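Text of run-v4.pdb, listed as PDB, C-alpha atoms, pLDDT in the B column:
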```pdb
ATOM      1  CA  MET A   1     -26.262 -14.789  -1.085  1.00 47.00           C
ATOM      2  CA  GLN A   2     -28.918 -13.107  -3.188  1.00 48.00           C
ATOM      3  CA  ALA A   3     -30.536 -11.809  -0.001  1.00 48.00           C
ATOM      4  CA  TYR A   4     -27.672  -9.352   0.447  1.00 50.00           C
ATOM      5  CA  ARG A   5     -27.779  -7.944  -3.055  1.00 50.00           C
ATOM      6  CA  TYR A   6     -29.158  -4.441  -3.312  1.00 50.00           C
ATOM      7  CA  ARG A   7     -30.329  -2.631  -6.382  1.00 50.00           C
ATOM      8  CA  ALA A   8     -30.011   1.169  -6.266  1.00 47.00           C
ATOM      9  CA  VAL A   9     -33.347   1.998  -7.836  1.00 48.00           C
ATOM     10  CA  VAL A  10     -34.540   4.546  -5.266  1.00 49.00           C
ATOM     11  CA  HIS A  11     -32.274   7.369  -6.443  1.00 59.00           C
ATOM     12  CA  GLU A  12     -29.150   7.771  -8.538  1.00 70.00           C
ATOM     13  CA  ASP A  13     -25.940   6.574  -6.931  1.00 75.00           C
ATOM     14  CA  GLN A  14     -23.697   9.603  -6.184  1.00 76.00           C
ATOM     15  CA  ARG A  15     -20.609   7.672  -5.102  1.00 82.00           C
ATOM     16  CA  ARG A  16     -17.240   8.082  -6.816  1.00 82.00           C
ATOM     17  CA  PRO A  17     -15.562   6.937  -8.982  1.00 87.00           C
ATOM     18  CA  ARG A  18     -18.487   7.095 -11.397  1.00 86.00           C
ATOM     19  CA  SER A  19     -16.839   4.474 -13.619  1.00 88.00           C
ATOM     20  CA  VAL A  20     -17.400   1.957 -10.813  1.00 89.00           C
ATOM     21  CA  TYR A  21     -20.690   2.947  -9.240  1.00 89.00           C
ATOM     22  CA  SER A  22     -22.524   3.730 -12.462  1.00 88.00           C
ATOM     23  CA  VAL A  23     -22.424   0.122 -13.654  1.00 89.00           C
ATOM     24  CA  GLY A  24     -24.244  -3.014 -12.514  1.00 88.00           C
ATOM     25  CA  ASP A  25     -25.908  -3.724  -9.183  1.00 89.00           C
ATOM     26  CA  GLU A  26     -24.733  -3.344  -5.607  1.00 88.00           C
ATOM     27  CA  PRO A  27     -22.728  -6.539  -4.867  1.00 90.00           C
ATOM     28  CA  GLU A  28     -22.888  -8.612  -1.733  1.00 88.00           C
ATOM     29  CA  VAL A  29     -21.379  -6.404   0.981  1.00 86.00           C
ATOM     30  CA  GLN A  30     -18.982  -9.140   2.187  1.00 88.00           C
ATOM     31  CA  ALA A  31     -17.454  -9.437  -1.285  1.00 91.00           C
ATOM     32  CA  SER A  32     -17.071  -5.663  -1.579  1.00 90.00           C
ATOM     33  CA  LEU A  33     -15.391  -5.460   1.837  1.00 90.00           C
ATOM     34  CA  ALA A  34     -13.054  -8.320   0.903  1.00 93.00           C
ATOM     35  CA  ASN A  35     -12.099  -6.410  -2.261  1.00 94.00           C
ATOM     36  CA  GLU A  36     -11.345  -3.337  -0.127  1.00 92.00           C
ATOM     37  CA  ARG A  37      -9.165  -5.361   2.245  1.00 94.00           C
ATOM     38  CA  THR A  38      -7.287  -6.888  -0.675  1.00 95.00           C
ATOM     39  CA  ALA A  39      -6.500  -3.411  -2.049  1.00 95.00           C
ATOM     40  CA  LEU A  40      -5.314  -2.349   1.417  1.00 94.00           C
ATOM     41  CA  SER A  41      -3.076  -5.425   1.555  1.00 95.00           C
ATOM     42  CA  TRP A  42      -1.510  -4.401  -1.755  1.00 96.00           C
ATOM     43  CA  ILE A  43      -0.937  -0.879  -0.403  1.00 95.00           C
ATOM     44  CA  ARG A  44       0.746  -2.325   2.699  1.00 95.00           C
ATOM     45  CA  THR A  45       2.901  -4.566   0.490  1.00 96.00           C
ATOM     46  CA  GLY A  46       3.963  -1.406  -1.373  1.00 96.00           C
ATOM     47  CA  MET A  47       4.804   0.254   1.952  1.00 95.00           C
ATOM     48  CA  THR A  48       6.912  -2.768   2.914  1.00 95.00           C
ATOM     49  CA  LEU A  49       8.883  -2.382  -0.323  1.00 95.00           C
ATOM     50  CA  VAL A  50       9.452   1.327   0.426  1.00 95.00           C
ATOM     51  CA  ALA A  51      10.569   0.434   3.983  1.00 95.00           C
ATOM     52  CA  GLY A  52      12.966  -2.134   2.485  1.00 94.00           C
ATOM     53  CA  GLY A  53      14.387   0.567   0.216  1.00 94.00           C
ATOM     54  CA  VAL A  54      14.951   2.883   3.190  1.00 94.00           C
ATOM     55  CA  ALA A  55      16.560   0.032   5.175  1.00 93.00           C
ATOM     56  CA  LEU A  56      18.966  -0.748   2.328  1.00 92.00           C
ATOM     57  CA  ALA A  57      19.890   2.950   2.014  1.00 91.00           C
ATOM     58  CA  THR A  58      20.651   2.981   5.750  1.00 91.00           C
ATOM     59  CA  LEU A  59      23.322   0.323   5.151  1.00 88.00           C
ATOM     60  CA  SER A  60      25.531   3.088   3.809  1.00 83.00           C
ATOM     61  CA  SER A  61      26.046   4.299   7.393  1.00 81.00           C
ATOM     62  CA  PHE A  62      28.193   1.189   7.976  1.00 83.00           C
ATOM     63  CA  GLY A  63      30.609   2.228   5.251  1.00 79.00           C
ATOM     64  CA  GLU A  64      30.740   2.145   1.500  1.00 81.00           C
ATOM     65  CA  VAL A  65      27.997   0.054  -0.030  1.00 83.00           C
ATOM     66  CA  PRO A  66      28.083  -1.353  -3.567  1.00 86.00           C
ATOM     67  CA  LEU A  67      26.117   0.756  -6.026  1.00 88.00           C
ATOM     68  CA  VAL A  68      23.988  -2.275  -6.851  1.00 90.00           C
ATOM     69  CA  ILE A  69      22.540  -2.175  -3.303  1.00 91.00           C
ATOM     70  CA  LEU A  70      21.510   1.448  -3.748  1.00 92.00           C
ATOM     71  CA  ALA A  71      20.058   0.614  -7.163  1.00 93.00           C
ATOM     72  CA  ILE A  72      17.969  -2.148  -5.550  1.00 93.00           C
ATOM     73  CA  ALA A  73      16.884   0.298  -2.813  1.00 94.00           C
ATOM     74  CA  GLY A  74      15.724   2.830  -5.421  1.00 95.00           C
ATOM     75  CA  LEU A  75      13.936   0.185  -7.479  1.00 94.00           C
ATOM     76  CA  ALA A  76      12.221  -1.239  -4.382  1.00 94.00           C
ATOM     77  CA  SER A  77      10.951   2.226  -3.454  1.00 95.00           C
ATOM     78  CA  LEU A  78       9.659   2.880  -6.980  1.00 95.00           C
ATOM     79  CA  GLY A  79       8.134  -0.623  -6.998  1.00 95.00           C
ATOM     80  CA  GLY A  80       6.287   0.277  -3.802  1.00 95.00           C
ATOM     81  CA  VAL A  81       4.825   3.358  -5.476  1.00 95.00           C
ATOM     82  CA  ALA A  82       3.790   1.239  -8.496  1.00 95.00           C
ATOM     83  CA  LEU A  83       2.047  -1.252  -6.202  1.00 95.00           C
ATOM     84  CA  GLY A  84       0.066   1.592  -4.619  1.00 94.00           C
ATOM     85  CA  VAL A  85      -1.162   2.686  -8.030  1.00 95.00           C
ATOM     86  CA  TRP A  86      -1.905  -0.912  -8.975  1.00 95.00           C
ATOM     87  CA  ALA A  87      -3.922  -1.401  -5.765  1.00 95.00           C
ATOM     88  CA  LEU A  88      -6.297   1.351  -6.894  1.00 95.00           C
ATOM     89  CA  VAL A  89      -6.535  -0.016 -10.446  1.00 95.00           C
ATOM     90  CA  SER A  90      -7.119  -3.551  -9.171  1.00 95.00           C
ATOM     91  CA  TRP A  91      -9.795  -2.434  -6.671  1.00 95.00           C
ATOM     92  CA  ARG A  92     -11.642  -0.611  -9.451  1.00 95.00           C
ATOM     93  CA  ARG A  93     -11.481  -3.555 -11.865  1.00 95.00           C
ATOM     94  CA  THR A  94     -12.633  -6.057  -9.239  1.00 95.00           C
ATOM     95  CA  GLU A  95     -15.446  -3.831  -7.941  1.00 95.00           C
ATOM     96  CA  ARG A  96     -16.748  -3.370 -11.485  1.00 95.00           C
ATOM     97  CA  ALA A  97     -16.621  -7.135 -12.055  1.00 96.00           C
ATOM     98  CA  LEU A  98     -18.476  -7.732  -8.761  1.00 95.00           C
ATOM     99  CA  ARG A  99     -21.160  -5.224  -9.716  1.00 94.00           C
ATOM    100  CA  ARG A 100     -21.600  -6.784 -13.131  1.00 95.00           C
ATOM    101  CA  GLY A 101     -21.546 -10.341 -11.804  1.00 94.00           C
ATOM    102  CA  GLN A 102     -18.566 -11.153 -14.015  1.00 94.00           C
ATOM    103  CA  PRO A 103     -15.572 -13.406 -13.165  1.00 95.00           C
ATOM    104  CA  LEU A 104     -12.997 -11.579 -11.046  1.00 94.00           C
ATOM    105  CA  PRO A 105      -9.842 -10.385 -12.872  1.00 94.00           C
ATOM    106  CA  ALA A 106      -6.604 -12.222 -12.086  1.00 91.00           C
ATOM    107  CA  PRO A 107      -3.950 -10.428  -9.969  1.00 90.00           C
ATOM    108  CA  SER A 108      -1.726  -9.800 -12.986  1.00 90.00           C
ATOM    109  CA  VAL A 109       1.012  -8.034 -10.994  1.00 93.00           C
ATOM    110  CA  LEU A 110       1.535 -10.984  -8.639  1.00 94.00           C
ATOM    111  CA  PRO A 111       3.943 -13.004 -10.881  1.00 95.00           C
ATOM    112  CA  TRP A 112       6.058  -9.843 -11.420  1.00 94.00           C
ATOM    113  CA  LEU A 113       6.170  -9.144  -7.706  1.00 94.00           C
ATOM    114  CA  VAL A 114       7.210 -12.722  -6.901  1.00 95.00           C
ATOM    115  CA  ALA A 115       9.841 -12.703  -9.672  1.00 96.00           C
ATOM    116  CA  GLY A 116      11.187  -9.339  -8.456  1.00 94.00           C
ATOM    117  CA  VAL A 117      11.425 -10.505  -4.838  1.00 93.00           C
ATOM    118  CA  VAL A 118      13.213 -13.721  -5.892  1.00 95.00           C
ATOM    119  CA  VAL A 119      15.693 -11.836  -8.130  1.00 94.00           C
ATOM    120  CA  VAL A 120      16.421  -9.201  -5.466  1.00 93.00           C
ATOM    121  CA  GLY A 121      16.797 -11.907  -2.798  1.00 93.00           C
ATOM    122  CA  LEU A 122      19.279 -13.857  -4.929  1.00 94.00           C
ATOM    123  CA  LEU A 123      21.164 -10.661  -5.827  1.00 92.00           C
ATOM    124  CA  LEU A 124      21.454  -9.570  -2.190  1.00 91.00           C
ATOM    125  CA  ALA A 125      22.543 -13.077  -1.172  1.00 93.00           C
ATOM    126  CA  GLY A 126      25.185 -12.993  -3.926  1.00 93.00           C
ATOM    127  CA  VAL A 127      26.519  -9.565  -2.906  1.00 90.00           C
ATOM    128  CA  THR A 128      26.597 -10.587   0.776  1.00 89.00           C
ATOM    129  CA  ALA A 129      28.413 -13.859  -0.009  1.00 93.00           C
ATOM    130  CA  PHE A 130      30.928 -12.024  -2.215  1.00 90.00           C
ATOM    131  CA  GLN A 131      31.655  -9.458   0.519  1.00 87.00           C
ATOM    132  CA  ALA A 132      31.975 -12.196   3.157  1.00 90.00           C
ATOM    133  CA  ILE A 133      34.520 -14.035   0.964  1.00 93.00           C
ATOM    134  CA  GLU A 134      36.436 -10.753   0.449  1.00 88.00           C
ATOM    135  CA  LEU A 135      36.538 -10.194   4.230  1.00 87.00           C
ATOM    136  CA  THR A 136      37.945 -13.653   4.949  1.00 89.00           C
ATOM    137  CA  ARG A 137      40.820 -13.227   2.472  1.00 83.00           C
TER     138      ARG A 137
ATOM    139  CA  MET B   1     -20.351 -18.327  15.504  1.00 46.00           C
ATOM    140  CA  SER B   2     -23.518 -19.730  13.938  1.00 47.00           C
ATOM    141  CA  ALA B   3     -25.483 -18.445  10.969  1.00 52.00           C
ATOM    142  CA  ALA B   4     -28.341 -17.505  13.298  1.00 55.00           C
ATOM    143  CA  ASN B   5     -26.137 -15.148  15.276  1.00 64.00           C
ATOM    144  CA  PRO B   6     -26.917 -11.550  14.192  1.00 61.00           C
ATOM    145  CA  ASP B   7     -23.291 -10.544  14.847  1.00 64.00           C
ATOM    146  CA  THR B   8     -21.964 -13.100  12.341  1.00 66.00           C
ATOM    147  CA  HIS B   9     -21.771 -10.492   9.582  1.00 69.00           C
ATOM    148  CA  ARG B  10     -19.996  -7.936  11.811  1.00 74.00           C
ATOM    149  CA  ALA B  11     -16.680  -9.765  11.558  1.00 80.00           C
ATOM    150  CA  PRO B  12     -15.820  -8.723   7.964  1.00 81.00           C
ATOM    151  CA  VAL B  13     -16.737  -5.107   8.773  1.00 80.00           C
ATOM    152  CA  ASP B  14     -14.447  -5.146  11.815  1.00 82.00           C
ATOM    153  CA  ARG B  15     -11.681  -6.859   9.825  1.00 86.00           C
ATOM    154  CA  THR B  16     -11.909  -4.113   7.221  1.00 85.00           C
ATOM    155  CA  THR B  17     -11.748  -1.385   9.860  1.00 82.00           C
ATOM    156  CA  LEU B  18      -8.700  -3.052  11.413  1.00 85.00           C
ATOM    157  CA  SER B  19      -7.161  -3.324   7.966  1.00 87.00           C
ATOM    158  CA  TRP B  20      -7.562   0.448   7.516  1.00 85.00           C
ATOM    159  CA  GLN B  21      -5.976   1.114  10.907  1.00 85.00           C
ATOM    160  CA  ARG B  22      -3.036  -1.167  10.097  1.00 89.00           C
ATOM    161  CA  THR B  23      -2.554   0.563   6.745  1.00 89.00           C
ATOM    162  CA  VAL B  24      -2.551   4.073   8.224  1.00 86.00           C
ATOM    163  CA  MET B  25      -0.160   2.958  10.995  1.00 87.00           C
ATOM    164  CA  HIS B  26       2.115   1.370   8.374  1.00 89.00           C
ATOM    165  CA  SER B  27       2.225   4.600   6.386  1.00 88.00           C
ATOM    166  CA  VAL B  28       3.113   6.680   9.461  1.00 88.00           C
ATOM    167  CA  ILE B  29       5.797   4.190  10.567  1.00 91.00           C
ATOM    168  CA  VAL B  30       7.393   4.029   7.101  1.00 91.00           C
ATOM    169  CA  ALA B  31       7.564   7.843   6.920  1.00 89.00           C
ATOM    170  CA  LEU B  32       9.019   8.066  10.455  1.00 90.00           C
ATOM    171  CA  VAL B  33      11.615   5.384   9.691  1.00 91.00           C
ATOM    172  CA  ALA B  34      12.574   7.330   6.557  1.00 90.00           C
ATOM    173  CA  ALA B  35      12.900  10.518   8.652  1.00 90.00           C
ATOM    174  CA  PHE B  36      15.121   8.852  11.280  1.00 90.00           C
ATOM    175  CA  ALA B  37      17.210   7.120   8.600  1.00 91.00           C
ATOM    176  CA  ALA B  38      17.744  10.473   6.857  1.00 90.00           C
ATOM    177  CA  ILE B  39      18.852  12.107  10.130  1.00 91.00           C
ATOM    178  CA  TYR B  40      21.173   9.165  10.827  1.00 88.00           C
ATOM    179  CA  LEU B  41      22.651   9.426   7.325  1.00 88.00           C
ATOM    180  CA  GLY B  42      23.161  13.190   7.643  1.00 88.00           C
ATOM    181  CA  GLU B  43      20.509  14.215   5.130  1.00 89.00           C
ATOM    182  CA  PRO B  44      18.519  16.875   7.017  1.00 90.00           C
ATOM    183  CA  ALA B  45      16.544  18.059   3.980  1.00 89.00           C
ATOM    184  CA  VAL B  46      15.210  14.556   3.318  1.00 89.00           C
ATOM    185  CA  ALA B  47      14.528  14.134   7.048  1.00 91.00           C
ATOM    186  CA  VAL B  48      12.381  17.288   7.103  1.00 92.00           C
ATOM    187  CA  VAL B  49      10.392  16.117   4.059  1.00 90.00           C
ATOM    188  CA  ALA B  50       9.902  12.661   5.594  1.00 90.00           C
ATOM    189  CA  ALA B  51       8.811  14.139   8.937  1.00 90.00           C
ATOM    190  CA  LEU B  52       6.314  16.381   7.147  1.00 90.00           C
ATOM    191  CA  LEU B  53       5.056  13.314   5.299  1.00 89.00           C
ATOM    192  CA  ALA B  54       4.596  11.426   8.590  1.00 87.00           C
ATOM    193  CA  GLY B  55       2.542  14.360   9.895  1.00 89.00           C
ATOM    194  CA  PHE B  56       0.515  14.410   6.684  1.00 86.00           C
ATOM    195  CA  ALA B  57      -0.136  10.656   7.007  1.00 83.00           C
ATOM    196  CA  VAL B  58      -1.424  11.167  10.558  1.00 83.00           C
ATOM    197  CA  ILE B  59      -3.697  13.975   9.350  1.00 84.00           C
ATOM    198  CA  VAL B  60      -5.010  11.812   6.474  1.00 79.00           C
ATOM    199  CA  GLY B  61      -5.729   8.991   8.899  1.00 74.00           C
ATOM    200  CA  ALA B  62      -7.398  11.271  11.421  1.00 74.00           C
ATOM    201  CA  THR B  63      -9.419  13.634   9.260  1.00 72.00           C
ATOM    202  CA  THR B  64     -10.687  11.622   6.314  1.00 66.00           C
ATOM    203  CA  ARG B  65     -14.413  11.067   6.545  1.00 63.00           C
ATOM    204  CA  ARG B  66     -14.991   7.598   7.943  1.00 66.00           C
ATOM    205  CA  VAL B  67     -16.288   4.964   5.576  1.00 67.00           C
ATOM    206  CA  LYS B  68     -19.758   4.174   6.850  1.00 69.00           C
ATOM    207  CA  ARG B  69     -21.031   0.674   6.170  1.00 67.00           C
ATOM    208  CA  ALA B  70     -24.635   0.979   7.315  1.00 62.00           C
ATOM    209  CA  GLU B  71     -25.985   2.792   4.270  1.00 68.00           C
ATOM    210  CA  VAL B  72     -25.185   1.862   0.706  1.00 73.00           C
ATOM    211  CA  ASP B  73     -24.823   5.511  -0.362  1.00 73.00           C
ATOM    212  CA  GLN B  74     -22.056   6.039   2.187  1.00 70.00           C
ATOM    213  CA  ARG B  75     -20.215   2.780   1.507  1.00 76.00           C
ATOM    214  CA  ASN B  76     -17.501   4.370  -0.570  1.00 81.00           C
ATOM    215  CA  PRO B  77     -13.831   3.775   0.295  1.00 86.00           C
ATOM    216  CA  TRP B  78     -12.409   5.415  -2.843  1.00 88.00           C
ATOM    217  CA  MET B  79     -11.281   8.810  -1.443  1.00 85.00           C
ATOM    218  CA  LEU B  80      -9.719   7.255   1.658  1.00 84.00           C
ATOM    219  CA  MET B  81      -7.968   4.668  -0.494  1.00 87.00           C
ATOM    220  CA  LEU B  82      -6.767   7.340  -2.923  1.00 89.00           C
ATOM    221  CA  ARG B  83      -5.295   9.475  -0.104  1.00 87.00           C
ATOM    222  CA  THR B  84      -3.561   6.432   1.400  1.00 88.00           C
ATOM    223  CA  ALA B  85      -2.066   5.565  -1.993  1.00 90.00           C
ATOM    224  CA  LEU B  86      -0.882   9.192  -2.300  1.00 90.00           C
ATOM    225  CA  VAL B  87       0.856   8.928   1.082  1.00 89.00           C
ATOM    226  CA  LEU B  88       2.500   5.716  -0.154  1.00 90.00           C
ATOM    227  CA  ALA B  89       3.607   7.416  -3.378  1.00 91.00           C
ATOM    228  CA  ALA B  90       5.092  10.323  -1.390  1.00 91.00           C
ATOM    229  CA  SER B  91       6.871   7.847   0.940  1.00 91.00           C
ATOM    230  CA  GLY B  92       8.336   6.083  -2.079  1.00 92.00           C
ATOM    231  CA  LEU B  93       9.593   9.358  -3.531  1.00 91.00           C
ATOM    232  CA  VAL B  94      11.146  10.335  -0.175  1.00 91.00           C
ATOM    233  CA  ALA B  95      12.912   6.951  -0.123  1.00 92.00           C
ATOM    234  CA  VAL B  96      14.198   7.549  -3.666  1.00 93.00           C
ATOM    235  CA  MET B  97      15.413  11.036  -2.584  1.00 91.00           C
ATOM    236  CA  LEU B  98      17.267   9.402   0.304  1.00 91.00           C
ATOM    237  CA  VAL B  99      18.867   6.801  -1.974  1.00 92.00           C
ATOM    238  CA  VAL B 100      19.936   9.456  -4.493  1.00 92.00           C
ATOM    239  CA  ALA B 101      21.355  11.675  -1.710  1.00 90.00           C
ATOM    240  CA  VAL B 102      23.353   8.718  -0.337  1.00 88.00           C
ATOM    241  CA  ALA B 103      24.552   7.723  -3.832  1.00 89.00           C
ATOM    242  CA  LEU B 104      25.753  11.269  -4.561  1.00 88.00           C
ATOM    243  CA  GLU B 105      27.913  11.196  -1.437  1.00 81.00           C
ATOM    244  CA  LEU B 106      29.622   7.914  -2.386  1.00 67.00           C
TER     245      LEU B 106
END
```

Render the structure in this file as structure tokens.
Amino acid sequence: MQAYRYRAVVHEDQRRPRSVYSVGDEPEVQASLANERTALSWIRTGMTLVAGGVALATLSSFGEVPLVILAIAGLASLGGVALGVWALVSWRRTERALRRGQPLPAPSVLPWLVAGVVVVGLLLAGVTAFQAIELTR
Amino acid sequence: MSAANPDTHRAPVDRTTLSWQRTVMHSVIVALVAAFAAIYLGEPAVAVVAALLAGFAVIVGATTRRVKRAEVDQRNPWMLMLRTALVLAASGLVAVMLVVAVALEL
């Protein structure tokens, strides 16, 4: 592993953000690439939330939709934006930890994301079941 | 794939490149879906914004300087990542615009 470590001693590192590249040593390239892919995965998860918000808004073309559905659609879209911002923050924190040889920070947003998905899933299931019961009456 | 194979370390580089391509494609698809949904829902203003965003996402994907892996000085994904996150933020705001437009018509 040490064979892949690189110390930028030849000239000053010009890469941005300075808060990342001005600290520590160049990490193993595989670890840095994995950090990049993880951030991209978070961005794609955010895009999936935005797509879910658009899909829920499209439900209104079938007729009147409960306001709670539109509220979930709006929150999902805003959640997607928040995940995009968090992806950048998380990439920066992890890259700094890699460069300093420190333990990697935990994905602190993950429990919130899981809780949000579970709550929204249960809420949508409840609304759907309620509407199905109304239809059968 | 043995440790002696010189191509062994290519795989993570290729995976990362594919990950970038998937992300850019995702962003374009989400913006296009938002545009079509807005047209379908009779919200032409939102549709125009979403279509412009899809075009912007394509331009970001096509014109951003490639992240080169060979030299340490050029191994810097920050600007590309920042632009992709901006496209995501704009997509999210377009989706919120669509939701608000639909809610106002209810």

Q. What do you get, as a list in words, if you spell out every residue that the PyMOL selection byres ((chain A) within 7 of (chain B)) selects here?
A. Asp13, Arg15, Arg16, Gln30, Leu33, Arg37, Leu40, Ile43, Arg44, Met47, Val50, Ala51, Gly53, Val54, Ala57, Thr58, Ser61, Leu70, Ala73, Gly74, Ser77, Leu78, Gly80, Val81, Gly84 and Val85 of chain A

Q: Figure out the distance between CA of Asn35 in chain A and CA of Arg96 in chain A, please, to one decimal in Å.
A: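 About the pair CA of Arg96 in chain A and CA of Asn35 in chain A: they are 10.8 Å apart.
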
Q | A:Val120, A:Leu98, A:Ala125, A:Ala115 ranked by distance to Ala31 in chain A, top pick (using all atoms listed in the file) | A |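 Ranked by minimum distance to Ala31 in chain A, first place goes to A:Leu98.
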
Q) CA of Glu36 in chain A and CA of Val49 in chain B are how many Å apart? A) 29.5 Å

**Q.** Residue neighbourhood Leu123 in chain A, 12 Å, only C-alpha atoms, exclusion window fewer than 3 positions, as a PyMOL selection string
**A.** chain A and resi 66+68-69+71-72+116-120+126-130

Q. Quick one: of B:Asp14, B:Leu32, B:Ile39, B:Arg83, who's nearest to Gly61 in chain B, counting only C-alpha atoms?
A.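 Comparing B:Asp14, B:Leu32, B:Ile39, B:Arg83 against Gly61 in chain B, the winner is B:Arg83.
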
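CA of Tyr21 in chain A to CA of Pro103 in chain A spans 17.6 Å [interatomic distance, one decimal].
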
Q: Could you tell me which of A:Thr136, A:Gln131, A:Gln102, A:Thr48 comes closest to Val23 in chain A if we count all atoms listed in the file?
A: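 Closest to Val23 in chain A of all the choices is A:Gln102.
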
Q: Would you please work out which residue, of A:Gln14, A:Thr45, A:Ser60, A:Thr94, is nearest to Leu110 in chain A when using only C-alpha atoms?
A: A:Thr45

Q: Specify as a list in words each residue included when the PyMOL selection byres ((chain A and resi 91) around 8) is applied to this file.
A: Asn35, Glu36, Thr38, Ala39, Ala87, Leu88, Val89, Ser90, Arg92, Arg93, Thr94 and Glu95 of chain A
